[in-house]
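Participant: Here it is: the structure, laid out below.
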Amino acid sequence: VSAGAGFETVTLARLKITPCHSCGTCNSPDHFLRCIFEEKDDVAAIFSKMAAADLLVFATPIYIFTMTALMKIFLERMYARADVFDLSVTQSGLVFHHVDRDLNSKPFAVLVCCDNIEKETPKNVVSYFRTHAKFNDAEQVGLLVRNAGRYAGHGGDPEAARSNPLLAQVYEAFERAGKELATQGRIRKATEKEAAANIIPMPPIFKLLRRFRFFKEKMVHKAMETMKYTEGAV
């Protein structure tokens, strides 16, 4: 808002999202490109908001190494807006069917958060949206991955959490990322890196040695201490 852009947050958990039944009715002459549930839940209204937007941000926590089930159910409903018998080749050279370009081909950013500190944790979601971009001719203009969410005190008072100087820098990077999306239409790689920075204090040599199990166990111990301190603070 401070950068001059308006936005709307759509929280799927507060809406009715019916799973796709793969019935194929949306590709039949009498119901072409319209889901049978279109007038029975909130998906069509969300699609209208997405089509009217200049840029989309897909945000999800990591549940069992992937996006939430509700996010996946919602994305599957995009199938109803596709003529699956109209094949073509995407800009990236992939064979795919027709898509609703006003819905699927918008530039988008991805926001992922998780509690685990391992880089392996969000890989499925990161990979999914890269594939989404290629098949839908949609430009991915940003990726923000925030791990160690529990240690950041994500459920408490933001001002108390800012007592961690590393966390304060991360918050500033996220704010900057929002301004960059509003003014430049993309997030700079340097900002993405700062937003994903480690928030658990550790000496530089420890970062080099973290690949070894003994030192990683030490790091876990330090992380638990940090988590206890943060939960006490907030």
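Chain labels run A, B, ... following the order of the structure tokens; each chain numbers its residues from 1, and ligands are numbered from 1 in the order shown.
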So which residues touch range 134-144 of chain A within 9 Å, counting only C-alpha atoms, skipping near sequence neighbours fewer than 3 positions away, as a PyMOL selection string?

Facilitator: chain A and resi 57+89-101+104-113+126+129-131+174+177+181+185-189+191-193+195-196

Participant: List the spatial neighbours of His21 in chain A as a PDB file with N, CA, C and O atoms, in the first residue's frame - criterion: any atom at most 12 Å away, only C-alpha atoms, same-chain residues fewer than 6 positions off excluded.

Facilitator:
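The resulting result05.pdb:
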```pdb
ATOM      1  N   CYS A  35     -17.314 -25.360 -14.618  1.00  0.00           N
ATOM      2  CA  CYS A  35     -17.352 -26.475 -13.676  1.00  0.00           C
ATOM      3  C   CYS A  35     -18.775 -26.698 -13.166  1.00  0.00           C
ATOM      4  O   CYS A  35     -19.559 -25.746 -13.020  1.00  0.00           O
ATOM      5  N   ILE A  36     -19.107 -27.941 -12.871  1.00  0.00           N
ATOM      6  CA  ILE A  36     -20.446 -28.245 -12.347  1.00  0.00           C
ATOM      7  C   ILE A  36     -20.672 -27.631 -10.978  1.00  0.00           C
ATOM      8  O   ILE A  36     -21.808 -27.485 -10.534  1.00  0.00           O
ATOM      9  N   PHE A  37     -19.570 -27.267 -10.306  1.00  0.00           N
ATOM     10  CA  PHE A  37     -19.702 -26.670  -8.973  1.00  0.00           C
ATOM     11  C   PHE A  37     -19.611 -25.146  -9.002  1.00  0.00           C
ATOM     12  O   PHE A  37     -19.557 -24.501  -7.967  1.00  0.00           O
ATOM     13  N   ILE A  73      -6.167 -28.512  -4.101  1.00  0.00           N
ATOM     14  CA  ILE A  73      -7.547 -28.673  -4.560  1.00  0.00           C
ATOM     15  C   ILE A  73      -7.984 -27.460  -5.368  1.00  0.00           C
ATOM     16  O   ILE A  73      -8.620 -27.585  -6.425  1.00  0.00           O
ATOM     17  N   GLU A  76      -6.346 -27.390  -8.825  1.00  0.00           N
ATOM     18  CA  GLU A  76      -6.911 -28.406  -9.712  1.00  0.00           C
ATOM     19  C   GLU A  76      -8.200 -27.924 -10.381  1.00  0.00           C
ATOM     20  O   GLU A  76      -8.535 -28.371 -11.486  1.00  0.00           O
ATOM     21  N   ARG A  77      -8.896 -26.997  -9.753  1.00  0.00           N
ATOM     22  CA  ARG A  77     -10.131 -26.489 -10.341  1.00  0.00           C
ATOM     23  C   ARG A  77      -9.879 -25.648 -11.591  1.00  0.00           C
ATOM     24  O   ARG A  77     -10.806 -25.369 -12.359  1.00  0.00           O
ATOM     25  N   TYR A  79      -8.558 -26.651 -14.096  1.00  0.00           N
ATOM     26  CA  TYR A  79      -8.794 -27.592 -15.206  1.00  0.00           C
ATOM     27  C   TYR A  79     -10.083 -27.260 -15.940  1.00  0.00           C
ATOM     28  O   TYR A  79     -10.183 -27.424 -17.162  1.00  0.00           O
ATOM     29  N   ALA A  80     -11.079 -26.781 -15.200  1.00  0.00           N
ATOM     30  CA  ALA A  80     -12.379 -26.498 -15.800  1.00  0.00           C
ATOM     31  C   ALA A  80     -12.336 -25.338 -16.780  1.00  0.00           C
ATOM     32  O   ALA A  80     -13.262 -25.154 -17.570  1.00  0.00           O
TER      33      ALA A  80
END
```

Participant: Can you list every residue in range 29-112 of chain A that DSSP puts in alpha helix (DSSP H), as a ChimeraX atom specification?

Facilitator: /A:43-52,69-76,101-104

Participant: With C-alpha atoms retained, export the selected residues as an mmCIF file, in the first residue's frame.

Facilitator:
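Once everything was written out, this is again34.cif:
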```cif
data_model
loop_
_atom_site.group_PDB
_atom_site.id
_atom_site.type_symbol
_atom_site.label_atom_id
_atom_site.label_comp_id
_atom_site.auth_asym_id
_atom_site.auth_seq_id
_atom_site.Cartn_x
_atom_site.Cartn_y
_atom_site.Cartn_z
ATOM 1 C CA VAL A 43 -14.027 -20.833 -6.800
ATOM 2 C CA ALA A 44 -15.544 -18.842 -9.697
ATOM 3 C CA ALA A 45 -15.477 -15.672 -7.578
ATOM 4 C CA ILE A 46 -11.791 -16.240 -6.784
ATOM 5 C CA PHE A 47 -11.040 -16.804 -10.458
ATOM 6 C CA SER A 48 -12.714 -13.476 -11.278
ATOM 7 C CA LYS A 49 -10.494 -11.682 -8.771
ATOM 8 C CA MET A 50 -7.415 -13.372 -10.200
ATOM 9 C CA ALA A 51 -8.357 -12.430 -13.765
ATOM 10 C CA ALA A 52 -8.754 -8.787 -12.743
ATOM 11 C CA ALA A 69 -4.143 -29.932 0.388
ATOM 12 C CA LEU A 70 -6.558 -27.005 0.075
ATOM 13 C CA MET A 71 -4.188 -25.071 -2.186
ATOM 14 C CA LYS A 72 -3.776 -28.148 -4.392
ATOM 15 C CA ILE A 73 -7.547 -28.673 -4.560
ATOM 16 C CA PHE A 74 -7.995 -25.048 -5.598
ATOM 17 C CA LEU A 75 -5.343 -25.224 -8.326
ATOM 18 C CA GLU A 76 -6.911 -28.406 -9.712
ATOM 19 C CA ARG A 101 -4.645 -16.953 -20.205
ATOM 20 C CA ASP A 102 -6.425 -14.277 -18.132
ATOM 21 C CA LEU A 103 -6.303 -16.722 -15.240
ATOM 22 C CA ASN A 104 -3.306 -18.998 -15.741
#
```

Participant: May I ask for the distance between CA of Glu118 in chain A and CA of Gly149 in chain A, given in Å to one decimal place?

Facilitator: 11.9 Å

Participant: With distances taken over only C-alpha atoms, which of A:Ala53, A:Leu33, A:Ile199, A:Met67 is nearest to Ser127 in chain A?

Facilitator: A:Met67

Participant: Find, counting only C-alpha atoms, the residue in A:Glu175, A:Asp30, A:Asp42, A:Glu120 that gets nearest to Arg14 in chain A.

Facilitator: A:Asp42

Participant: Which residues, written as a list in words, have at least one atom at most 7 Å from Arg34 in chain A, with only C-alpha atoms counted and residues fewer than 3 positions away on the same chain left out?

Facilitator: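 With the cut-off at 7 Å, the set is Cys26, His31, Glu38, Ala80 and Arg81 of chain A.
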
Participant: With N, CA, C and O atoms retained, export the selected residues as a PDB file, in the first residue's frame.

Facilitator:
```pdb
ATOM      1  N   CYS A  26     -16.908 -30.105 -17.904  1.00  0.00           N
ATOM      2  CA  CYS A  26     -16.430 -28.787 -18.329  1.00  0.00           C
ATOM      3  C   CYS A  26     -15.907 -28.797 -19.760  1.00  0.00           C
ATOM      4  O   CYS A  26     -15.637 -27.730 -20.329  1.00  0.00           O
ATOM      5  N   HIS A  31     -21.766 -27.565 -21.284  1.00  0.00           N
ATOM      6  CA  HIS A  31     -21.215 -26.958 -20.057  1.00  0.00           C
ATOM      7  C   HIS A  31     -19.768 -26.544 -20.285  1.00  0.00           C
ATOM      8  O   HIS A  31     -18.942 -26.623 -19.384  1.00  0.00           O
ATOM      9  N   GLU A  38     -19.598 -24.565 -10.199  1.00  0.00           N
ATOM     10  CA  GLU A  38     -19.341 -23.133 -10.339  1.00  0.00           C
ATOM     11  C   GLU A  38     -20.325 -22.265  -9.563  1.00  0.00           C
ATOM     12  O   GLU A  38     -19.961 -21.204  -9.058  1.00  0.00           O
ATOM     13  N   ALA A  80     -11.079 -26.781 -15.200  1.00  0.00           N
ATOM     14  CA  ALA A  80     -12.379 -26.498 -15.800  1.00  0.00           C
ATOM     15  C   ALA A  80     -12.336 -25.338 -16.780  1.00  0.00           C
ATOM     16  O   ALA A  80     -13.262 -25.154 -17.570  1.00  0.00           O
ATOM     17  N   ARG A  81     -11.283 -24.539 -16.742  1.00  0.00           N
ATOM     18  CA  ARG A  81     -11.156 -23.403 -17.656  1.00  0.00           C
ATOM     19  C   ARG A  81     -10.283 -23.736 -18.867  1.00  0.00           C
ATOM     20  O   ARG A  81      -9.842 -22.832 -19.574  1.00  0.00           O
TER      21      ARG A  81
END
```

Participant: How many Å separate CA of Thr121 in chain A from CA of Phe65 in chain A?

Facilitator: 5.6 Å

Participant: Please determine, counting only C-alpha atoms, which residue among A:Gln169, A:Ile62, A:Gly4, A:Val125 has the shortest atom-to-atom distance to Glu194 in chain A.

Facilitator: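 The closest residue to Glu194 in chain A is A:Gln169.
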
Participant: Pick out the residues sitting within 8 Å of Lys179 in chain A, and hand them over as a list in words; count only C-alpha atoms, and ignore anything fewer than 3 positions along from it in its own chain.

Facilitator: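 Once the nearby chain positions are removed, what remains is Ser2, Ala3, Glu175, Arg176, Ala182 and Thr183 of chain A.
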
Participant: Generate the output file for the selected residues, all heavy atoms, as a PDB file, in the first residue's frame.

Facilitator:
```pdb
ATOM      1  N   SER A   2       1.910   1.262   0.830  1.00  0.00           N
ATOM      2  CA  SER A   2       2.791   2.425   0.908  1.00  0.00           C
ATOM      3  C   SER A   2       3.513   2.693  -0.404  1.00  0.00           C
ATOM      4  O   SER A   2       3.965   3.809  -0.660  1.00  0.00           O
ATOM      5  CB  SER A   2       3.817   2.229   2.029  1.00  0.00           C
ATOM      6  OG  SER A   2       4.655   1.107   1.765  1.00  0.00           O
ATOM      7  N   ALA A   3       3.624   1.669  -1.257  1.00  0.00           N
ATOM      8  CA  ALA A   3       4.289   1.835  -2.550  1.00  0.00           C
ATOM      9  C   ALA A   3       3.307   2.193  -3.667  1.00  0.00           C
ATOM     10  O   ALA A   3       3.684   2.292  -4.829  1.00  0.00           O
ATOM     11  CB  ALA A   3       5.037   0.558  -2.915  1.00  0.00           C
ATOM     12  N   GLU A 175       9.353  -6.634   3.504  1.00  0.00           N
ATOM     13  CA  GLU A 175       8.692  -5.366   3.206  1.00  0.00           C
ATOM     14  C   GLU A 175       9.220  -4.793   1.889  1.00  0.00           C
ATOM     15  O   GLU A 175       8.455  -4.271   1.069  1.00  0.00           O
ATOM     16  CB  GLU A 175       8.911  -4.386   4.349  1.00  0.00           C
ATOM     17  CG  GLU A 175       8.196  -4.778   5.634  1.00  0.00           C
ATOM     18  CD  GLU A 175       8.531  -3.854   6.798  1.00  0.00           C
ATOM     19  OE1 GLU A 175       9.296  -2.884   6.568  1.00  0.00           O
ATOM     20  OE2 GLU A 175       8.033  -4.093   7.917  1.00  0.00           O
ATOM     21  N   ARG A 176      10.522  -4.901   1.693  1.00  0.00           N
ATOM     22  CA  ARG A 176      11.130  -4.407   0.461  1.00  0.00           C
ATOM     23  C   ARG A 176      10.635  -5.216  -0.744  1.00  0.00           C
ATOM     24  O   ARG A 176      10.429  -4.654  -1.821  1.00  0.00           O
ATOM     25  CB  ARG A 176      12.651  -4.473   0.561  1.00  0.00           C
ATOM     26  CG  ARG A 176      13.365  -3.733  -0.562  1.00  0.00           C
ATOM     27  CD  ARG A 176      14.871  -3.740  -0.444  1.00  0.00           C
ATOM     28  NE  ARG A 176      15.350  -4.021   0.888  1.00  0.00           N
ATOM     29  CZ  ARG A 176      16.121  -5.058   1.183  1.00  0.00           C
ATOM     30  NH1 ARG A 176      16.499  -5.906   0.240  1.00  0.00           N
ATOM     31  NH2 ARG A 176      16.544  -5.248   2.411  1.00  0.00           N
ATOM     32  N   ALA A 182       5.340  -3.978  -6.253  1.00  0.00           N
ATOM     33  CA  ALA A 182       4.431  -2.880  -6.582  1.00  0.00           C
ATOM     34  C   ALA A 182       5.029  -1.902  -7.582  1.00  0.00           C
ATOM     35  O   ALA A 182       4.331  -1.392  -8.460  1.00  0.00           O
ATOM     36  CB  ALA A 182       4.041  -2.134  -5.310  1.00  0.00           C
ATOM     37  N   THR A 183       6.324  -1.635  -7.473  1.00  0.00           N
ATOM     38  CA  THR A 183       6.941  -0.598  -8.297  1.00  0.00           C
ATOM     39  C   THR A 183       7.689  -1.131  -9.511  1.00  0.00           C
ATOM     40  O   THR A 183       7.805  -0.438 -10.530  1.00  0.00           O
ATOM     41  CB  THR A 183       7.915   0.237  -7.451  1.00  0.00           C
ATOM     42  OG1 THR A 183       8.938  -0.624  -6.906  1.00  0.00           O
ATOM     43  CG2 THR A 183       7.180   0.931  -6.305  1.00  0.00           C
TER      44      THR A 183
END
```

Participant: How many Å separate CA of Pro61 in chain A from CA of Cys114 in chain A?

Facilitator: 5.7 Å
